[in-house]
Each structure stands twice: as structure tokens, then as C-alpha cells.
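Written out below as C-alpha cells is the structure these notes cover.
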Amino acid sequence: MVEIKDVRINGRGGQGAVTSSRLLGEAAIIENQYVHAFPNFGPERAGAPVTAFTRISKEKFFEKTEVYFPDVVCVIDPSLLGKVDVASGLKSGGTIICNYAGEMDKLKSYFKGVDAKIHKVDATKIAIAEIGKNIPNMVMLGALLKVEPLVKLENLIEVTRQYFTKIGKASAGDQNARAMQKAYDEVQ
Amino acid sequence: MIYEAIIMGMTGDEAVAWAAKQVNPDVVPAYPITPQTIIVERFSDYVNDGLVDTAFVPVESEHSAMSASVGASATGARVFTATASAGLALMNEILYVASGLRLPIVLAVANRALSAPINIHAECTDQLVTRDASWISLFGETAQEAYDETIMAFKIGEHPDVMLPVMYGIEGFIVTHALERVDTLPDEAIRNFLPPKREISHVLDPSEAKTFGSLVLQDYYMEIKRQQEEAMERAYHVTKEVMAEYSEISGRKYEILEEYHLDDAEYAFVTYGATAGNAKAVVDLLRAKGEKVGALKIRMFRPFPGNDIYEALKGKKAVAILDRSATFGSPGTIVQNDLASALYMKQGAPSLHGFINGLGGRVLMHEEKEQIYDQVKQYHADGKTHTQEWVGYRS
């Protein structure tokens, strides 16, 4: 059987969940891995809960479905906690990483009965400090890579820089790179 | 020779647009429709960035897109366009004109459900129902196949023995909008594979007047239609040749059918498009449990390779046809009907069980496919030879 890692990103419309799922996939492709990355398409509304998926494997795989049983869940927006079942379908012993400023015990209280490794990082604070606005999508992926080394951080930073250069915002690429490194270092 | 791949991360739509850029067609008339839109958007970027020499014609509808394609192709131009769902339905009238005039237009289809109710997600009915329009009709499973089939389509359709339009489908969102790794060819490889211009035999040319699309009544209409059928029969062989040739330059094995663990299989899934990927994944799961099951992917729907399918399935007990298309009041699913026709009364042909599934983007979970497998084994045990049913819906 091919070993596959399924990542689900839970965010809100406008926070870059879709972009981050794609960039995670692009970083994996740089490493010669195989991917299937896409958002859960529906009506697009800023602020509405959204999900995006990245399926990664070192070997070629055939699956062509949305991710229902993720190995890893990355929660970009803390306001989803307690409102959206972000642990839905998570494989037993999987990983949840949240953008969260509070205490770990409080965070864990949202996942009572869920068999998961739970991590947190204050991505909002890092994003505001380093990027100047609350867009914590790539920041969260930086933190994620510390606890789930799906790709090398340097490769994710590289595709992120390329992305921002392509849309004419090279300085945002630098800012995100710094913020991703910081989140990688600070994640608990 | 196998060219070294240039690895890129692209969605299915982006892969189509990138391949079309490398082919550098003379004319692209197009009208955007979800989930094909990105193909047209990217291609128009390439036009405006001066990366292609293409005359890009933004038209006011898909009927016009295909009409402009017909006009351009009749002058000898190499023409590409793309559509989906209702757009393909609106083109329908002109599809027959394109094939009847023997114009090798290439059409990418982002397979999407038809209204009503309105739905933007994956379903292949839009393309399958064009089966009688005398178009060569292919399906792709991945962004890689979307890329590769774009390039092959021109070579197949433009072959002097064929001269028929070619459409190829990839499913909406799950392929069109999903990022995958795509091994692309260098421009040089495509230039060597595909002549830079169409080989031109009969075209509109002011210096040598000819008539196109004239009135033909009882005197010759049937002969012209018969010629289309003969071209379609030759297209079967040409497609095989072109796929073999493309395999040699890409290192990726292309055939009109793709077999997966079929040799010793007693049962098989028969399917096409993205569903084939999921069928193969389920074959892996079932094989791990010791089940003798395989999968057959139909890459070419028209011309329908009935004999090849018979050879591939001969001796199997029963097959489950996973058909992501809707047909109503029919004895089988759309693909099952062709399969039944091709296998009828043939020695060792398996029993055929069609499953309409996945309409409007509905996902058929792996467990459901395993249930289908168990069901088909049961049908075989019960002596049933032909069933058709719907799966994966709430009653």
C-alpha cells in the first residue's frame, strides 16, 4: 500500500486556506513527491468556514476524492473552535494544529475524547507582527512543518516567495518567510 | 527517445492551457464556463504576454465558439477550444458540422453536470451524450493525462487518414482545479512530435475556390456519412499509433485501454476518467484482502474499442461498470450499453453490471465501491447477467 498523508486546512473565506493547500502541494512537488491539492468548492463568501485539502505521498497514488479522514488538521482561524467540528474524520492518533493564543489546557478542552496530538501557535500575533495584517495561513503551515515534516520548510518558503513575486508582492513573500520561520520555532 | 521531464505543479485546467501554449494553435475561439474557465484565462494570458502566435477570439457563446472554430479550421488553421456542461450542450448543433466538414478541431471538456438543478461539479454525461456526433472522444484521469491528451489530440485528429475533431474530458474540480505533479515535455519535443502547422489538403483558399458545407440531398449524403464512419474506424488505429509514439517520447505508457491487475482477476471494475483512479485504489484495498479483482480504464470512448475490451475482459466472471453519467429509462448505463453491444454473444464474455454514481460531484466512497464489488459477486452467484442500478444516493 502507498503511504499517503492527508492534510485538511480549516479556515474562513479570505484567509488563504486555498492558497496554502496549493503551496504545500507545490513544495511537495519540488521534492519529487506526488500530490493532490484542492479546495472544497462551493459558494465563496468572505468569513464563511472553508476547507482545503492537500494529499501528499512519496509514491504515485490513485485517489481522487476529497479528504474525509485526514491525518493532519490545520486550523487557521481560532474562532472556528467550538463552532465547526474541525476534528471531523481525523484518523486516530492524528495531528491537530491550531492558531490559538490561549492556554493548551483550554485548547485541549475543545477536543475531549479525540485521540490526537494537539499543537498550537499564536499565528495571528506572528502574522500581525511580521506581515502587518491578520493573514495567518502560511504562518500556520510553517508551524505545521515542525510537528509534521511533510516537506522541508525551506521548500515551502521558496514556493511562497515565488507565489508573492508572481502576484507582484515580493515584499510580502519576505514577510511571510520570516513569519513562517518564527511559527516553526515557536509552535508548542 | 525519452525527453527529460520538466516537473511542474499544475491543476488539470492549467495543464491543458500549458499544453495548448506549447502546441501554439493558430486560432482559439473560446467562451468561459466553470469549471473550464481557467483554461481560457491562462491561455488568454499567454496570448497577451506574447508567448503564443494564436489569434484569440473571445466569442459571445459556445455556439459561436464552435462556429468560429469551424470557420477557422476550414481555412487550414490549427484550432483549439474548451468548454463544459451547458456549453458543450449549446455547441451540439455545430459539433456535427465540424465532423461533417472533417475539421480536426481539438476541444477540451471540463466534465460537469447538466442543469437542472444547476450544479458545477463533476459528471461526464455532458461529453458521453455527444457520442453520435462523429468526434473522437477521450477521457483523462489526472492532470498529467489532461496535459498529454491535449498534445496527442491534435496529432490524432489531423492525421490525413482521420481528419475528425477530437474532444477529451477531465472531470470538474476534482481534476480541473486540483494541483498535481505534471511531467511536461520541452517545447522541442512537442515541435518534433507535432508538425508546426496542419497538413493541409482541402481548405478554403481564395486562390483556389472550393465549396464547403454545400447542400447534399439523397444523392450523396449517405456516402459522406459513410466516409465519416470509415475515418472513425481508421482513427482507432491512428490513436493507437499516436499513443505509442507519445509513450516513446514521454516515457509514460499510453494505450486506449489501461489495465490494472487484470490478468488473474475474476472480477473487474470498468470505468473512465477520475473514477478510474478511485477504482484502482479500491482494487489495491481488495487485493490486500486476497480478492482477485482488477480494473479496466477506458481512455477512448469514441471510437469505442469493443474488441479490445472483449479481449481484456474475456474469461472474467462479472464486471462492475462505474459510470459517472446519467441516463434515464435506459437498459444500462451509457458505457454499459456500448459494452453490452460489444460483448453480446461472445464466448467468455463476463456479465455486466452498471452503476450510475457520482452525479453532480457526489463522491463514491471506497466502502461503497467495496459494497459494489460484493454485490457483483452475488449477482454472479445468483446467475444474473445484466443489471443497472444507481448507487450512493439517499432514497
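Ligands are numbered from 1 in the order shown, residues from 1 within each chain, and chains are lettered A, B, ... in the order they appear in the C-alpha cells.
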Please identify the strand (DSSP E) residues within segment 61-154 of chain A (assignment by DSSP from backbone atoms) and present them as a list in words. Val72, Val73, Cys74, Val75, Gly94, Thr95, Ile96, Ile97, Cys98, Asn99, Ala116, Lys117, Ile118, His119, Lys120 and Val121 of chain A
Please extract the residues of segment 204-316 of chain B with a backbone DSSP assignment of helix (DSSP H, G or I) and present them as a ChimeraX atom specification. /B:221-250,274-288,306-313
Starting from chain A, keep only residues with some atom at most 6 Å from an atom of chain B, counting only C-alpha atoms, and report them as a VMD selection string. chain A and resid 26 35 to 38 62 to 64
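Taking only C-alpha atoms, the non-local environment of Val75 of chain A within 9 Å (same-chain residues fewer than 3 positions away omitted) comprises Arg8, Ile9, Asn10, Gly11, Pro78, Leu80, Leu81, Val86, Ile96, Ile97, Cys98, Asn99, Tyr100 and Met140 of chain A.
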So that I can see what lies close to Gln162 of chain A, please list as a list in words the residues with an atom at most 12 Å from it, counting only C-alpha atoms and leaving out residues fewer than 4 positions away in the same chain.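 After dropping sequence-adjacent residues, the list is Leu23, Glu26, Ala27, Asn155, Leu156, Ile157, Glu158, Lys166, Ile167, Gly168, Lys169, Ala170, Ser171, Ala172, Gly173, Asp174, Asn176 and Ala177 of chain A.
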Hey, can you spit out that residue selection with all heavy atoms as a compact mmCIF listing (two decimals), in the first residue's frame?
# COMPACT_ATOMS: atom_id res chain seq x y z
N LEU A 23 0.13 25.76 -2.03
CA LEU A 23 1.57 25.97 -1.87
C LEU A 23 2.23 24.80 -1.14
O LEU A 23 3.37 24.43 -1.45
CB LEU A 23 1.85 27.30 -1.16
CG LEU A 23 1.46 28.55 -1.97
CD1 LEU A 23 1.75 29.82 -1.19
CD2 LEU A 23 2.20 28.59 -3.31
N GLU A 26 2.76 22.42 -3.83
CA GLU A 26 3.87 22.81 -4.72
C GLU A 26 5.21 22.51 -4.08
O GLU A 26 6.16 22.09 -4.76
CB GLU A 26 3.76 24.28 -5.10
CG GLU A 26 2.60 24.55 -6.06
CD GLU A 26 2.62 25.96 -6.64
OE1 GLU A 26 3.57 26.71 -6.36
OE2 GLU A 26 1.66 26.30 -7.34
N ALA A 27 5.29 22.72 -2.76
CA ALA A 27 6.55 22.42 -2.05
C ALA A 27 6.84 20.92 -2.13
O ALA A 27 8.00 20.51 -2.31
CB ALA A 27 6.46 22.88 -0.61
N ASN A 155 11.63 24.63 1.39
CA ASN A 155 10.91 24.50 0.11
C ASN A 155 9.56 25.20 0.14
O ASN A 155 9.13 25.79 -0.85
CB ASN A 155 10.74 23.02 -0.24
CG ASN A 155 12.06 22.39 -0.64
OD1 ASN A 155 12.94 23.08 -1.16
ND2 ASN A 155 12.22 21.11 -0.35
N LEU A 156 8.90 25.13 1.29
CA LEU A 156 7.63 25.85 1.42
C LEU A 156 7.87 27.36 1.33
O LEU A 156 7.11 28.09 0.69
CB LEU A 156 6.93 25.48 2.73
CG LEU A 156 5.53 26.07 2.88
CD1 LEU A 156 4.57 25.52 1.83
CD2 LEU A 156 4.96 25.81 4.28
N ILE A 157 8.94 27.81 1.98
CA ILE A 157 9.27 29.24 1.92
C ILE A 157 9.59 29.64 0.47
O ILE A 157 9.14 30.68 -0.01
CB ILE A 157 10.44 29.55 2.88
CG1 ILE A 157 9.94 29.50 4.33
CG2 ILE A 157 11.06 30.91 2.56
CD1 ILE A 157 11.00 29.70 5.39
N GLU A 158 10.28 28.77 -0.23
CA GLU A 158 10.65 29.07 -1.62
C GLU A 158 9.41 29.24 -2.50
O GLU A 158 9.30 30.22 -3.24
CB GLU A 158 11.56 27.94 -2.13
CG GLU A 158 11.90 28.00 -3.62
CD GLU A 158 12.66 29.25 -4.02
OE1 GLU A 158 13.31 29.87 -3.14
OE2 GLU A 158 12.58 29.63 -5.21
N LYS A 166 5.18 36.44 -8.07
CA LYS A 166 4.35 36.33 -9.28
C LYS A 166 3.16 37.29 -9.22
O LYS A 166 2.75 37.83 -10.27
CB LYS A 166 3.85 34.89 -9.43
CG LYS A 166 3.65 34.46 -10.86
CD LYS A 166 3.68 32.95 -10.99
CE LYS A 166 2.32 32.34 -11.16
NZ LYS A 166 2.33 30.88 -11.16
N ILE A 167 2.61 37.52 -8.04
CA ILE A 167 1.47 38.44 -7.97
C ILE A 167 1.95 39.87 -7.65
O ILE A 167 1.15 40.74 -7.28
CB ILE A 167 0.40 37.97 -6.96
CG1 ILE A 167 0.94 37.90 -5.52
CG2 ILE A 167 -0.20 36.64 -7.37
CD1 ILE A 167 -0.14 37.68 -4.47
N GLY A 168 3.26 40.10 -7.80
CA GLY A 168 3.79 41.46 -7.68
C GLY A 168 3.91 41.98 -6.26
O GLY A 168 3.87 43.18 -6.02
N LYS A 169 4.01 41.04 -5.28
CA LYS A 169 4.14 41.46 -3.88
C LYS A 169 5.34 40.75 -3.25
O LYS A 169 5.19 40.03 -2.25
CB LYS A 169 2.88 41.10 -3.10
CG LYS A 169 1.64 41.85 -3.57
CD LYS A 169 0.43 41.41 -2.76
CE LYS A 169 -0.84 42.11 -3.22
NZ LYS A 169 -2.03 41.55 -2.59
N ALA A 170 6.51 40.95 -3.85
CA ALA A 170 7.70 40.22 -3.39
C ALA A 170 7.98 40.49 -1.91
O ALA A 170 8.43 39.60 -1.18
CB ALA A 170 8.91 40.60 -4.24
N SER A 171 7.69 41.71 -1.44
CA SER A 171 7.99 42.03 -0.03
C SER A 171 7.11 41.20 0.92
O SER A 171 7.55 40.79 1.99
CB SER A 171 7.80 43.52 0.24
OG SER A 171 6.46 43.87 0.01
N ALA A 172 5.88 40.92 0.48
CA ALA A 172 5.01 40.05 1.29
C ALA A 172 5.59 38.65 1.38
O ALA A 172 5.41 37.95 2.38
CB ALA A 172 3.60 40.01 0.70
N GLY A 173 6.29 38.25 0.34
CA GLY A 173 6.97 36.95 0.36
C GLY A 173 8.02 36.92 1.45
O GLY A 173 8.12 35.95 2.21
N ASP A 174 8.80 38.01 1.55
CA ASP A 174 9.84 38.09 2.60
C ASP A 174 9.19 38.06 3.98
O ASP A 174 9.66 37.39 4.90
CB ASP A 174 10.65 39.39 2.46
CG ASP A 174 11.44 39.41 1.15
OD1 ASP A 174 11.72 38.31 0.63
OD2 ASP A 174 11.75 40.52 0.66
N ASN A 176 6.25 36.88 4.87
CA ASN A 176 5.71 35.55 5.17
C ASN A 176 6.82 34.56 5.52
O ASN A 176 6.66 33.73 6.41
CB ASN A 176 4.87 35.02 4.00
CG ASN A 176 3.41 35.39 4.11
OD1 ASN A 176 2.65 34.75 4.82
ND2 ASN A 176 3.03 36.48 3.45
N ALA A 177 7.94 34.69 4.82
CA ALA A 177 9.07 33.78 5.09
C ALA A 177 9.52 33.94 6.54
O ALA A 177 9.74 32.95 7.24
CB ALA A 177 10.21 34.07 4.12
